[in-house]
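Remarks on the structure that follows.
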Amino acid sequence: MLSQQTIDTVKSTAPFLKKHGKEITSRMYEIMFTNYPEVRKQFDMSAQANGSQPAKLATAVYSYATQIDNLSALKPMVEQIAHRHVQTDVLPNQYPVVGKCLLQAMKDVLGEAATDEVMGAWTEAYGLLSEVFIQRENQIYNQ
Ligand code: HEM
């Protein structure tokens, strides 16, 4: 469970995420593919080059920020992403890597707006979203 303060802090970043989402996710992939080149093989690199994958991730992160207190509204989105993750062999132990890269990218793009409070709230929020995906993906893998 997230505290009300964490929820409020994450929600307060939504307008910024709407505006700079793709910048953040493009930066995230840049960090990830540089530091963890082994994950490249799971991705369709043409979707990176044409920006469609960073755009999809940005939409997902923004949707999460706006609906963080109403996770049931995200069910269709989670379903689609979880199935794609299973198709591409995403495993639970990869979530911390993506989280680290995403949070670093947020920090880079937010600049001074990346206060300890904002980064702390997003660290918690990412943890919760990871759990949602990991749980659903486990079910799909075991079907
Ligand atoms: C909470 C964290 C995550 C979010 C919000 C997220 C979001 C997304 C979204 C929106 C898509 C596109 C789905 C579609 O095409 O319909 C996607 C695909 C994908 N994600 Fe994630 N993801 C997360 C974690 C991860 C992790 C941990 C990995 C592991 C490396 C990963 C690897 C992938 C791959 C390989 C694809 C397919 C990309 C392609 O088709 O090229 N994701 N993810």
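Just remember, in the structure tokens the first chain shown is A, the second B, etc., residues are 1-based per chain, and ligands are 1-based in the order shown.
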### Polymer residues at most 10 Å from region 19-23 of chain A, only C-alpha atoms, same-chain spacing of 5 or more positions, as a list in words
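Using only C-alpha atoms, the neighbours found are Ala14, Met28, Gly51, Ser52, Gln53, Pro54, Ala55, Lys56, Leu57, Ala58, Thr59, Ala60, Val61, Tyr62, Ala105, Met106, Asp108, Val109 and Leu110 of chain A.
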### Task
Throw together the list of residues within 9 Å of ligand 1, counting only C-alpha atoms and all ligand atoms, and drop it here as a PyMOL selection string.
chain A and resi 32+39-48+52-61+64+77-78+80-99+102+126-134
### Message
Would you pick out the contacts of Gln67 (chain A) at 10 Å or less, using only C-alpha atoms, so that residues sharing its chain but fewer than 6 positions from it are not included, and give the list as a list in words?
### Response
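The contact residues come out as Ile7, Val10, Lys11, Ala14, Val61, Ala73 and Leu74 of chain A.
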Pull the alpha helix (DSSP H) assignments for chain A out of DSSP run on the backbone, and list those residues as a PDB file with N, CA and C atoms, in the first residue's frame.
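As a result, out.pdb now contains:
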```pdb
ATOM      1  N   GLN A   4      -0.924   8.110   1.332  1.00  0.00           N
ATOM      2  CA  GLN A   4      -1.602   9.179   0.587  1.00  0.00           C
ATOM      3  C   GLN A   4      -0.578  10.199   0.084  1.00  0.00           C
ATOM      4  N   GLN A   5       0.440  10.421   0.878  1.00  0.00           N
ATOM      5  CA  GLN A   5       1.449  11.408   0.466  1.00  0.00           C
ATOM      6  C   GLN A   5       2.210  10.937  -0.781  1.00  0.00           C
ATOM      7  N   THR A   6       2.537   9.663  -0.796  1.00  0.00           N
ATOM      8  CA  THR A   6       3.221   9.112  -1.981  1.00  0.00           C
ATOM      9  C   THR A   6       2.321   9.245  -3.204  1.00  0.00           C
ATOM     10  N   ILE A   7       1.047   8.895  -3.027  1.00  0.00           N
ATOM     11  CA  ILE A   7       0.091   8.986  -4.137  1.00  0.00           C
ATOM     12  C   ILE A   7       0.018  10.441  -4.637  1.00  0.00           C
ATOM     13  N   ASP A   8      -0.104  11.365  -3.713  1.00  0.00           N
ATOM     14  CA  ASP A   8      -0.220  12.782  -4.106  1.00  0.00           C
ATOM     15  C   ASP A   8       1.046  13.250  -4.840  1.00  0.00           C
ATOM     16  N   THR A   9       2.188  12.815  -4.348  1.00  0.00           N
ATOM     17  CA  THR A   9       3.450  13.240  -4.964  1.00  0.00           C
ATOM     18  C   THR A   9       3.557  12.685  -6.388  1.00  0.00           C
ATOM     19  N   VAL A  10       3.223  11.406  -6.543  1.00  0.00           N
ATOM     20  CA  VAL A  10       3.285  10.807  -7.889  1.00  0.00           C
ATOM     21  C   VAL A  10       2.312  11.537  -8.813  1.00  0.00           C
ATOM     22  N   LYS A  11       1.106  11.780  -8.313  1.00  0.00           N
ATOM     23  CA  LYS A  11       0.111  12.471  -9.161  1.00  0.00           C
ATOM     24  C   LYS A  11       0.575  13.871  -9.556  1.00  0.00           C
ATOM     25  N   SER A  12       1.280  14.518  -8.657  1.00  0.00           N
ATOM     26  CA  SER A  12       1.734  15.881  -8.953  1.00  0.00           C
ATOM     27  C   SER A  12       2.747  15.903 -10.101  1.00  0.00           C
ATOM     28  N   ALA A  14       2.365  14.107 -12.816  1.00  0.00           N
ATOM     29  CA  ALA A  14       1.692  13.696 -14.069  1.00  0.00           C
ATOM     30  C   ALA A  14       1.792  14.741 -15.195  1.00  0.00           C
ATOM     31  N   PRO A  15       1.552  16.031 -14.923  1.00  0.00           N
ATOM     32  CA  PRO A  15       1.646  17.001 -16.028  1.00  0.00           C
ATOM     33  C   PRO A  15       3.040  17.025 -16.665  1.00  0.00           C
ATOM     34  N   PHE A  16       4.055  16.884 -15.822  1.00  0.00           N
ATOM     35  CA  PHE A  16       5.423  16.867 -16.338  1.00  0.00           C
ATOM     36  C   PHE A  16       5.655  15.609 -17.182  1.00  0.00           C
ATOM     37  N   LEU A  17       5.095  14.508 -16.707  1.00  0.00           N
ATOM     38  CA  LEU A  17       5.261  13.242 -17.442  1.00  0.00           C
ATOM     39  C   LEU A  17       4.542  13.297 -18.781  1.00  0.00           C
ATOM     40  N   LYS A  18       3.425  14.019 -18.799  1.00  0.00           N
ATOM     41  CA  LYS A  18       2.688  14.128 -20.053  1.00  0.00           C
ATOM     42  C   LYS A  18       3.549  14.889 -21.068  1.00  0.00           C
ATOM     43  N   LYS A  19       4.169  15.938 -20.584  1.00  0.00           N
ATOM     44  CA  LYS A  19       4.953  16.798 -21.465  1.00  0.00           C
ATOM     45  C   LYS A  19       6.292  16.164 -21.869  1.00  0.00           C
ATOM     46  N   HIS A  20       6.944  15.530 -20.911  1.00  0.00           N
ATOM     47  CA  HIS A  20       8.321  15.057 -21.158  1.00  0.00           C
ATOM     48  C   HIS A  20       8.443  13.540 -21.160  1.00  0.00           C
ATOM     49  N   GLY A  21       7.307  12.850 -21.232  1.00  0.00           N
ATOM     50  CA  GLY A  21       7.325  11.391 -21.098  1.00  0.00           C
ATOM     51  C   GLY A  21       8.255  10.703 -22.064  1.00  0.00           C
ATOM     52  N   LYS A  22       8.178  11.108 -23.322  1.00  0.00           N
ATOM     53  CA  LYS A  22       8.973  10.397 -24.325  1.00  0.00           C
ATOM     54  C   LYS A  22      10.468  10.680 -24.173  1.00  0.00           C
ATOM     55  N   GLU A  23      10.734  11.892 -23.715  1.00  0.00           N
ATOM     56  CA  GLU A  23      12.135  12.248 -23.437  1.00  0.00           C
ATOM     57  C   GLU A  23      12.666  11.329 -22.319  1.00  0.00           C
ATOM     58  N   ILE A  24      11.831  11.128 -21.298  1.00  0.00           N
ATOM     59  CA  ILE A  24      12.241  10.281 -20.170  1.00  0.00           C
ATOM     60  C   ILE A  24      12.434   8.832 -20.622  1.00  0.00           C
ATOM     61  N   THR A  25      11.480   8.308 -21.379  1.00  0.00           N
ATOM     62  CA  THR A  25      11.592   6.883 -21.723  1.00  0.00           C
ATOM     63  C   THR A  25      12.689   6.652 -22.767  1.00  0.00           C
ATOM     64  N   SER A  26      12.895   7.617 -23.648  1.00  0.00           N
ATOM     65  CA  SER A  26      14.009   7.461 -24.605  1.00  0.00           C
ATOM     66  C   SER A  26      15.330   7.436 -23.849  1.00  0.00           C
ATOM     67  N   ARG A  27      15.433   8.303 -22.863  1.00  0.00           N
ATOM     68  CA  ARG A  27      16.637   8.335 -22.030  1.00  0.00           C
ATOM     69  C   ARG A  27      16.784   7.009 -21.250  1.00  0.00           C
ATOM     70  N   MET A  28      15.640   6.502 -20.781  1.00  0.00           N
ATOM     71  CA  MET A  28      15.667   5.244 -20.039  1.00  0.00           C
ATOM     72  C   MET A  28      16.246   4.107 -20.895  1.00  0.00           C
ATOM     73  N   TYR A  29      15.767   4.006 -22.133  1.00  0.00           N
ATOM     74  CA  TYR A  29      16.288   2.933 -22.993  1.00  0.00           C
ATOM     75  C   TYR A  29      17.762   3.156 -23.301  1.00  0.00           C
ATOM     76  N   GLU A  30      18.142   4.421 -23.467  1.00  0.00           N
ATOM     77  CA  GLU A  30      19.548   4.724 -23.731  1.00  0.00           C
ATOM     78  C   GLU A  30      20.407   4.208 -22.567  1.00  0.00           C
ATOM     79  N   ILE A  31      19.981   4.517 -21.342  1.00  0.00           N
ATOM     80  CA  ILE A  31      20.725   4.079 -20.152  1.00  0.00           C
ATOM     81  C   ILE A  31      20.746   2.545 -20.092  1.00  0.00           C
ATOM     82  N   MET A  32      19.574   1.941 -20.321  1.00  0.00           N
ATOM     83  CA  MET A  32      19.481   0.483 -20.169  1.00  0.00           C
ATOM     84  C   MET A  32      20.308  -0.257 -21.226  1.00  0.00           C
ATOM     85  N   PHE A  33      20.191   0.169 -22.480  1.00  0.00           N
ATOM     86  CA  PHE A  33      20.914  -0.566 -23.528  1.00  0.00           C
ATOM     87  C   PHE A  33      22.424  -0.345 -23.431  1.00  0.00           C
ATOM     88  N   THR A  34      22.838   0.759 -22.823  1.00  0.00           N
ATOM     89  CA  THR A  34      24.268   0.996 -22.626  1.00  0.00           C
ATOM     90  C   THR A  34      24.785   0.152 -21.456  1.00  0.00           C
ATOM     91  N   ASN A  35      24.044   0.176 -20.356  1.00  0.00           N
ATOM     92  CA  ASN A  35      24.543  -0.494 -19.149  1.00  0.00           C
ATOM     93  C   ASN A  35      24.206  -1.976 -19.074  1.00  0.00           C
ATOM     94  N   MET A  45      14.298  -3.718 -32.164  1.00  0.00           N
ATOM     95  CA  MET A  45      15.062  -2.472 -32.221  1.00  0.00           C
ATOM     96  C   MET A  45      14.480  -1.461 -33.207  1.00  0.00           C
ATOM     97  N   SER A  46      13.657  -1.932 -34.150  1.00  0.00           N
ATOM     98  CA  SER A  46      13.048  -0.960 -35.068  1.00  0.00           C
ATOM     99  C   SER A  46      12.003  -0.115 -34.317  1.00  0.00           C
ATOM    100  N   ALA A  47      11.381  -0.731 -33.279  1.00  0.00           N
ATOM    101  CA  ALA A  47      10.404   0.025 -32.479  1.00  0.00           C
ATOM    102  C   ALA A  47      11.095   1.038 -31.568  1.00  0.00           C
ATOM    103  N   GLN A  48      12.381   0.832 -31.359  1.00  0.00           N
ATOM    104  CA  GLN A  48      13.172   1.822 -30.632  1.00  0.00           C
ATOM    105  C   GLN A  48      13.508   2.966 -31.572  1.00  0.00           C
ATOM    106  N   ALA A  49      13.998   2.575 -32.751  1.00  0.00           N
ATOM    107  CA  ALA A  49      14.473   3.578 -33.701  1.00  0.00           C
ATOM    108  C   ALA A  49      13.341   4.500 -34.143  1.00  0.00           C
ATOM    109  N   SER A  52       8.398   4.188 -31.387  1.00  0.00           N
ATOM    110  CA  SER A  52       7.084   3.693 -30.956  1.00  0.00           C
ATOM    111  C   SER A  52       7.140   3.029 -29.580  1.00  0.00           C
ATOM    112  N   GLN A  53       8.235   2.327 -29.279  1.00  0.00           N
ATOM    113  CA  GLN A  53       8.308   1.701 -27.955  1.00  0.00           C
ATOM    114  C   GLN A  53       8.478   2.753 -26.846  1.00  0.00           C
ATOM    115  N   PRO A  54       9.389   3.725 -26.990  1.00  0.00           N
ATOM    116  CA  PRO A  54       9.440   4.782 -25.958  1.00  0.00           C
ATOM    117  C   PRO A  54       8.089   5.491 -25.792  1.00  0.00           C
ATOM    118  N   ALA A  55       7.350   5.668 -26.880  1.00  0.00           N
ATOM    119  CA  ALA A  55       6.045   6.354 -26.782  1.00  0.00           C
ATOM    120  C   ALA A  55       5.059   5.491 -25.993  1.00  0.00           C
ATOM    121  N   LYS A  56       5.075   4.165 -26.242  1.00  0.00           N
ATOM    122  CA  LYS A  56       4.162   3.272 -25.510  1.00  0.00           C
ATOM    123  C   LYS A  56       4.490   3.270 -24.018  1.00  0.00           C
ATOM    124  N   LEU A  57       5.777   3.217 -23.714  1.00  0.00           N
ATOM    125  CA  LEU A  57       6.171   3.197 -22.301  1.00  0.00           C
ATOM    126  C   LEU A  57       5.791   4.518 -21.628  1.00  0.00           C
ATOM    127  N   ALA A  58       5.967   5.619 -22.347  1.00  0.00           N
ATOM    128  CA  ALA A  58       5.620   6.935 -21.780  1.00  0.00           C
ATOM    129  C   ALA A  58       4.120   7.000 -21.481  1.00  0.00           C
ATOM    130  N   THR A  59       3.306   6.478 -22.387  1.00  0.00           N
ATOM    131  CA  THR A  59       1.860   6.478 -22.156  1.00  0.00           C
ATOM    132  C   THR A  59       1.517   5.639 -20.926  1.00  0.00           C
ATOM    133  N   ALA A  60       2.188   4.494 -20.805  1.00  0.00           N
ATOM    134  CA  ALA A  60       1.914   3.608 -19.662  1.00  0.00           C
ATOM    135  C   ALA A  60       2.305   4.288 -18.347  1.00  0.00           C
ATOM    136  N   VAL A  61       3.454   4.945 -18.337  1.00  0.00           N
ATOM    137  CA  VAL A  61       3.923   5.588 -17.103  1.00  0.00           C
ATOM    138  C   VAL A  61       2.989   6.753 -16.734  1.00  0.00           C
ATOM    139  N   TYR A  62       2.568   7.493 -17.740  1.00  0.00           N
ATOM    140  CA  TYR A  62       1.648   8.611 -17.485  1.00  0.00           C
ATOM    141  C   TYR A  62       0.300   8.078 -16.968  1.00  0.00           C
ATOM    142  N   SER A  63      -0.219   7.037 -17.602  1.00  0.00           N
ATOM    143  CA  SER A  63      -1.502   6.474 -17.168  1.00  0.00           C
ATOM    144  C   SER A  63      -1.408   6.007 -15.722  1.00  0.00           C
ATOM    145  N   TYR A  64      -0.292   5.396 -15.408  1.00  0.00           N
ATOM    146  CA  TYR A  64      -0.098   4.913 -14.035  1.00  0.00           C
ATOM    147  C   TYR A  64      -0.087   6.084 -13.053  1.00  0.00           C
ATOM    148  N   ALA A  65       0.606   7.155 -13.415  1.00  0.00           N
ATOM    149  CA  ALA A  65       0.681   8.313 -12.511  1.00  0.00           C
ATOM    150  C   ALA A  65      -0.715   8.883 -12.235  1.00  0.00           C
ATOM    151  N   THR A  66      -1.552   8.906 -13.265  1.00  0.00           N
ATOM    152  CA  THR A  66      -2.876   9.511 -13.071  1.00  0.00           C
ATOM    153  C   THR A  66      -3.859   8.562 -12.367  1.00  0.00           C
ATOM    154  N   LYS A  75      -6.380  -2.138 -15.584  1.00  0.00           N
ATOM    155  CA  LYS A  75      -6.380  -3.578 -15.908  1.00  0.00           C
ATOM    156  C   LYS A  75      -6.170  -3.885 -17.389  1.00  0.00           C
ATOM    157  N   PRO A  76      -6.915  -3.229 -18.299  1.00  0.00           N
ATOM    158  CA  PRO A  76      -6.706  -3.554 -19.721  1.00  0.00           C
ATOM    159  C   PRO A  76      -5.270  -3.267 -20.167  1.00  0.00           C
ATOM    160  N   MET A  77      -4.720  -2.187 -19.669  1.00  0.00           N
ATOM    161  CA  MET A  77      -3.344  -1.842 -20.028  1.00  0.00           C
ATOM    162  C   MET A  77      -2.370  -2.895 -19.484  1.00  0.00           C
ATOM    163  N   VAL A  78      -2.569  -3.264 -18.225  1.00  0.00           N
ATOM    164  CA  VAL A  78      -1.690  -4.258 -17.606  1.00  0.00           C
ATOM    165  C   VAL A  78      -1.781  -5.586 -18.366  1.00  0.00           C
ATOM    166  N   GLU A  79      -2.992  -5.972 -18.745  1.00  0.00           N
ATOM    167  CA  GLU A  79      -3.183  -7.225 -19.486  1.00  0.00           C
ATOM    168  C   GLU A  79      -2.354  -7.235 -20.765  1.00  0.00           C
ATOM    169  N   GLN A  80      -2.486  -6.157 -21.531  1.00  0.00           N
ATOM    170  CA  GLN A  80      -1.796  -6.108 -22.821  1.00  0.00           C
ATOM    171  C   GLN A  80      -0.281  -6.151 -22.635  1.00  0.00           C
ATOM    172  N   ILE A  81       0.193  -5.347 -21.696  1.00  0.00           N
ATOM    173  CA  ILE A  81       1.642  -5.276 -21.488  1.00  0.00           C
ATOM    174  C   ILE A  81       2.152  -6.622 -20.957  1.00  0.00           C
ATOM    175  N   ALA A  82       1.421  -7.202 -20.007  1.00  0.00           N
ATOM    176  CA  ALA A  82       1.868  -8.474 -19.413  1.00  0.00           C
ATOM    177  C   ALA A  82       1.969  -9.563 -20.493  1.00  0.00           C
ATOM    178  N   HIS A  83       1.011  -9.596 -21.409  1.00  0.00           N
ATOM    179  CA  HIS A  83       1.091 -10.604 -22.475  1.00  0.00           C
ATOM    180  C   HIS A  83       2.300 -10.349 -23.379  1.00  0.00           C
ATOM    181  N   ARG A  84       2.545  -9.102 -23.674  1.00  0.00           N
ATOM    182  CA  ARG A  84       3.722  -8.782 -24.501  1.00  0.00           C
ATOM    183  C   ARG A  84       5.006  -9.155 -23.758  1.00  0.00           C
ATOM    184  N   HIS A  85       5.018  -8.896 -22.454  1.00  0.00           N
ATOM    185  CA  HIS A  85       6.198  -9.254 -21.663  1.00  0.00           C
ATOM    186  C   HIS A  85       6.450 -10.762 -21.688  1.00  0.00           C
ATOM    187  N   VAL A  86       5.378 -11.528 -21.576  1.00  0.00           N
ATOM    188  CA  VAL A  86       5.547 -12.989 -21.585  1.00  0.00           C
ATOM    189  C   VAL A  86       6.046 -13.451 -22.956  1.00  0.00           C
ATOM    190  N   GLN A  87       5.508 -12.824 -24.020  1.00  0.00           N
ATOM    191  CA  GLN A  87       5.983 -13.176 -25.376  1.00  0.00           C
ATOM    192  C   GLN A  87       7.470 -12.906 -25.535  1.00  0.00           C
ATOM    193  N   TYR A  95      12.908  -6.603 -13.391  1.00  0.00           N
ATOM    194  CA  TYR A  95      12.207  -5.377 -12.972  1.00  0.00           C
ATOM    195  C   TYR A  95      13.091  -4.366 -12.240  1.00  0.00           C
ATOM    196  N   PRO A  96      13.975  -4.824 -11.338  1.00  0.00           N
ATOM    197  CA  PRO A  96      14.849  -3.834 -10.688  1.00  0.00           C
ATOM    198  C   PRO A  96      15.757  -3.094 -11.681  1.00  0.00           C
ATOM    199  N   VAL A  97      16.184  -3.793 -12.721  1.00  0.00           N
ATOM    200  CA  VAL A  97      17.055  -3.159 -13.727  1.00  0.00           C
ATOM    201  C   VAL A  97      16.299  -2.043 -14.455  1.00  0.00           C
ATOM    202  N   VAL A  98      15.098  -2.392 -14.924  1.00  0.00           N
ATOM    203  CA  VAL A  98      14.292  -1.385 -15.623  1.00  0.00           C
ATOM    204  C   VAL A  98      13.957  -0.227 -14.675  1.00  0.00           C
ATOM    205  N   GLY A  99      13.653  -0.575 -13.420  1.00  0.00           N
ATOM    206  CA  GLY A  99      13.321   0.464 -12.436  1.00  0.00           C
ATOM    207  C   GLY A  99      14.481   1.422 -12.227  1.00  0.00           C
ATOM    208  N   LYS A 100      15.657   0.869 -12.093  1.00  0.00           N
ATOM    209  CA  LYS A 100      16.856   1.688 -11.870  1.00  0.00           C
ATOM    210  C   LYS A 100      17.055   2.650 -13.054  1.00  0.00           C
ATOM    211  N   CYS A 101      16.899   2.118 -14.252  1.00  0.00           N
ATOM    212  CA  CYS A 101      17.124   2.936 -15.454  1.00  0.00           C
ATOM    213  C   CYS A 101      16.021   3.979 -15.610  1.00  0.00           C
ATOM    214  N   LEU A 102      14.780   3.598 -15.316  1.00  0.00           N
ATOM    215  CA  LEU A 102      13.668   4.537 -15.446  1.00  0.00           C
ATOM    216  C   LEU A 102      13.788   5.671 -14.423  1.00  0.00           C
ATOM    217  N   LEU A 103      14.144   5.322 -13.216  1.00  0.00           N
ATOM    218  CA  LEU A 103      14.268   6.351 -12.172  1.00  0.00           C
ATOM    219  C   LEU A 103      15.440   7.282 -12.473  1.00  0.00           C
ATOM    220  N   GLN A 104      16.522   6.714 -12.985  1.00  0.00           N
ATOM    221  CA  GLN A 104      17.658   7.565 -13.354  1.00  0.00           C
ATOM    222  C   GLN A 104      17.266   8.514 -14.486  1.00  0.00           C
ATOM    223  N   ALA A 105      16.505   7.983 -15.440  1.00  0.00           N
ATOM    224  CA  ALA A 105      16.070   8.815 -16.571  1.00  0.00           C
ATOM    225  C   ALA A 105      15.149   9.934 -16.089  1.00  0.00           C
ATOM    226  N   MET A 106      14.255   9.606 -15.159  1.00  0.00           N
ATOM    227  CA  MET A 106      13.370  10.649 -14.602  1.00  0.00           C
ATOM    228  C   MET A 106      14.201  11.740 -13.939  1.00  0.00           C
ATOM    229  N   LYS A 107      15.181  11.300 -13.196  1.00  0.00           N
ATOM    230  CA  LYS A 107      16.047  12.235 -12.487  1.00  0.00           C
ATOM    231  C   LYS A 107      16.767  13.153 -13.479  1.00  0.00           C
ATOM    232  N   ASP A 108      17.277  12.542 -14.539  1.00  0.00           N
ATOM    233  CA  ASP A 108      18.016  13.318 -15.541  1.00  0.00           C
ATOM    234  C   ASP A 108      17.112  14.368 -16.184  1.00  0.00           C
ATOM    235  N   VAL A 109      15.883  13.958 -16.528  1.00  0.00           N
ATOM    236  CA  VAL A 109      15.007  14.869 -17.274  1.00  0.00           C
ATOM    237  C   VAL A 109      14.325  15.870 -16.329  1.00  0.00           C
ATOM    238  N   LEU A 110      13.971  15.430 -15.130  1.00  0.00           N
ATOM    239  CA  LEU A 110      13.310  16.349 -14.195  1.00  0.00           C
ATOM    240  C   LEU A 110      14.266  17.422 -13.670  1.00  0.00           C
ATOM    241  N   ASP A 116      14.057  14.732  -3.442  1.00  0.00           N
ATOM    242  CA  ASP A 116      14.092  13.434  -2.751  1.00  0.00           C
ATOM    243  C   ASP A 116      12.675  12.884  -2.603  1.00  0.00           C
ATOM    244  N   GLU A 117      11.735  13.799  -2.363  1.00  0.00           N
ATOM    245  CA  GLU A 117      10.348  13.371  -2.175  1.00  0.00           C
ATOM    246  C   GLU A 117       9.793  12.730  -3.458  1.00  0.00           C
ATOM    247  N   VAL A 118      10.047  13.407  -4.583  1.00  0.00           N
ATOM    248  CA  VAL A 118       9.552  12.882  -5.865  1.00  0.00           C
ATOM    249  C   VAL A 118      10.224  11.548  -6.179  1.00  0.00           C
ATOM    250  N   MET A 119      11.526  11.476  -6.008  1.00  0.00           N
ATOM    251  CA  MET A 119      12.228  10.233  -6.351  1.00  0.00           C
ATOM    252  C   MET A 119      11.835   9.096  -5.408  1.00  0.00           C
ATOM    253  N   GLY A 120      11.640   9.445  -4.132  1.00  0.00           N
ATOM    254  CA  GLY A 120      11.218   8.425  -3.163  1.00  0.00           C
ATOM    255  C   GLY A 120       9.837   7.887  -3.510  1.00  0.00           C
ATOM    256  N   ALA A 121       8.933   8.799  -3.858  1.00  0.00           N
ATOM    257  CA  ALA A 121       7.561   8.387  -4.187  1.00  0.00           C
ATOM    258  C   ALA A 121       7.564   7.504  -5.429  1.00  0.00           C
ATOM    259  N   TRP A 122       8.345   7.880  -6.431  1.00  0.00           N
ATOM    260  CA  TRP A 122       8.376   7.083  -7.661  1.00  0.00           C
ATOM    261  C   TRP A 122       9.057   5.721  -7.457  1.00  0.00           C
ATOM    262  N   THR A 123      10.028   5.695  -6.540  1.00  0.00           N
ATOM    263  CA  THR A 123      10.673   4.411  -6.243  1.00  0.00           C
ATOM    264  C   THR A 123       9.634   3.444  -5.672  1.00  0.00           C
ATOM    265  N   GLU A 124       8.844   3.952  -4.742  1.00  0.00           N
ATOM    266  CA  GLU A 124       7.784   3.117  -4.152  1.00  0.00           C
ATOM    267  C   GLU A 124       6.742   2.733  -5.187  1.00  0.00           C
ATOM    268  N   ALA A 125       6.347   3.723  -5.993  1.00  0.00           N
ATOM    269  CA  ALA A 125       5.293   3.482  -6.984  1.00  0.00           C
ATOM    270  C   ALA A 125       5.747   2.466  -8.022  1.00  0.00           C
ATOM    271  N   TYR A 126       6.989   2.568  -8.452  1.00  0.00           N
ATOM    272  CA  TYR A 126       7.506   1.602  -9.422  1.00  0.00           C
ATOM    273  C   TYR A 126       7.490   0.191  -8.815  1.00  0.00           C
ATOM    274  N   GLY A 127       7.851   0.115  -7.532  1.00  0.00           N
ATOM    275  CA  GLY A 127       7.850  -1.185  -6.855  1.00  0.00           C
ATOM    276  C   GLY A 127       6.472  -1.825  -6.889  1.00  0.00           C
ATOM    277  N   LEU A 128       5.457  -1.005  -6.641  1.00  0.00           N
ATOM    278  CA  LEU A 128       4.091  -1.527  -6.645  1.00  0.00           C
ATOM    279  C   LEU A 128       3.681  -1.990  -8.043  1.00  0.00           C
ATOM    280  N   LEU A 129       3.987  -1.182  -9.047  1.00  0.00           N
ATOM    281  CA  LEU A 129       3.607  -1.562 -10.416  1.00  0.00           C
ATOM    282  C   LEU A 129       4.342  -2.836 -10.847  1.00  0.00           C
ATOM    283  N   SER A 130       5.604  -2.940 -10.441  1.00  0.00           N
ATOM    284  CA  SER A 130       6.365  -4.161 -10.748  1.00  0.00           C
ATOM    285  C   SER A 130       5.670  -5.374 -10.177  1.00  0.00           C
ATOM    286  N   GLU A 131       5.202  -5.243  -8.934  1.00  0.00           N
ATOM    287  CA  GLU A 131       4.528  -6.395  -8.307  1.00  0.00           C
ATOM    288  C   GLU A 131       3.290  -6.796  -9.087  1.00  0.00           C
ATOM    289  N   VAL A 132       2.549  -5.797  -9.552  1.00  0.00           N
ATOM    290  CA  VAL A 132       1.327  -6.075 -10.324  1.00  0.00           C
ATOM    291  C   VAL A 132       1.690  -6.870 -11.584  1.00  0.00           C
ATOM    292  N   PHE A 133       2.731  -6.405 -12.304  1.00  0.00           N
ATOM    293  CA  PHE A 133       3.132  -7.101 -13.540  1.00  0.00           C
ATOM    294  C   PHE A 133       3.681  -8.494 -13.238  1.00  0.00           C
ATOM    295  N   ILE A 134       4.552  -8.576 -12.243  1.00  0.00           N
ATOM    296  CA  ILE A 134       5.198  -9.861 -11.948  1.00  0.00           C
ATOM    297  C   ILE A 134       4.144 -10.913 -11.598  1.00  0.00           C
ATOM    298  N   GLN A 135       3.172 -10.493 -10.799  1.00  0.00           N
ATOM    299  CA  GLN A 135       2.125 -11.429 -10.398  1.00  0.00           C
ATOM    300  C   GLN A 135       1.306 -11.904 -11.608  1.00  0.00           C
ATOM    301  N   ARG A 136       0.898 -10.949 -12.433  1.00  0.00           N
ATOM    302  CA  ARG A 136       0.080 -11.319 -13.601  1.00  0.00           C
ATOM    303  C   ARG A 136       0.898 -12.152 -14.594  1.00  0.00           C
ATOM    304  N   GLU A 137       2.148 -11.791 -14.784  1.00  0.00           N
ATOM    305  CA  GLU A 137       2.990 -12.525 -15.743  1.00  0.00           C
ATOM    306  C   GLU A 137       3.258 -13.946 -15.246  1.00  0.00           C
ATOM    307  N   ASN A 138       3.410 -14.099 -13.933  1.00  0.00           N
ATOM    308  CA  ASN A 138       3.569 -15.459 -13.390  1.00  0.00           C
ATOM    309  C   ASN A 138       2.370 -16.311 -13.727  1.00  0.00           C
ATOM    310  N   GLN A 139       1.176 -15.723 -13.576  1.00  0.00           N
ATOM    311  CA  GLN A 139      -0.052 -16.480 -13.911  1.00  0.00           C
ATOM    312  C   GLN A 139      -0.042 -16.883 -15.379  1.00  0.00           C
ATOM    313  N   ILE A 140       0.327 -15.947 -16.251  1.00  0.00           N
ATOM    314  CA  ILE A 140       0.301 -16.244 -17.696  1.00  0.00           C
ATOM    315  C   ILE A 140       1.360 -17.310 -18.025  1.00  0.00           C
ATOM    316  N   TYR A 141       2.547 -17.174 -17.444  1.00  0.00           N
ATOM    317  CA  TYR A 141       3.595 -18.179 -17.698  1.00  0.00           C
ATOM    318  C   TYR A 141       3.126 -19.578 -17.262  1.00  0.00           C
TER     319      TYR A 141
END
```
### Message
If I take CA of Ile68 (chain A) and CA of Tyr36 (chain A), how far is one from the other in Å, to one decimal?
### Response
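About the pair CA of Ile68 (chain A) and CA of Tyr36 (chain A): they are 28.6 Å apart.
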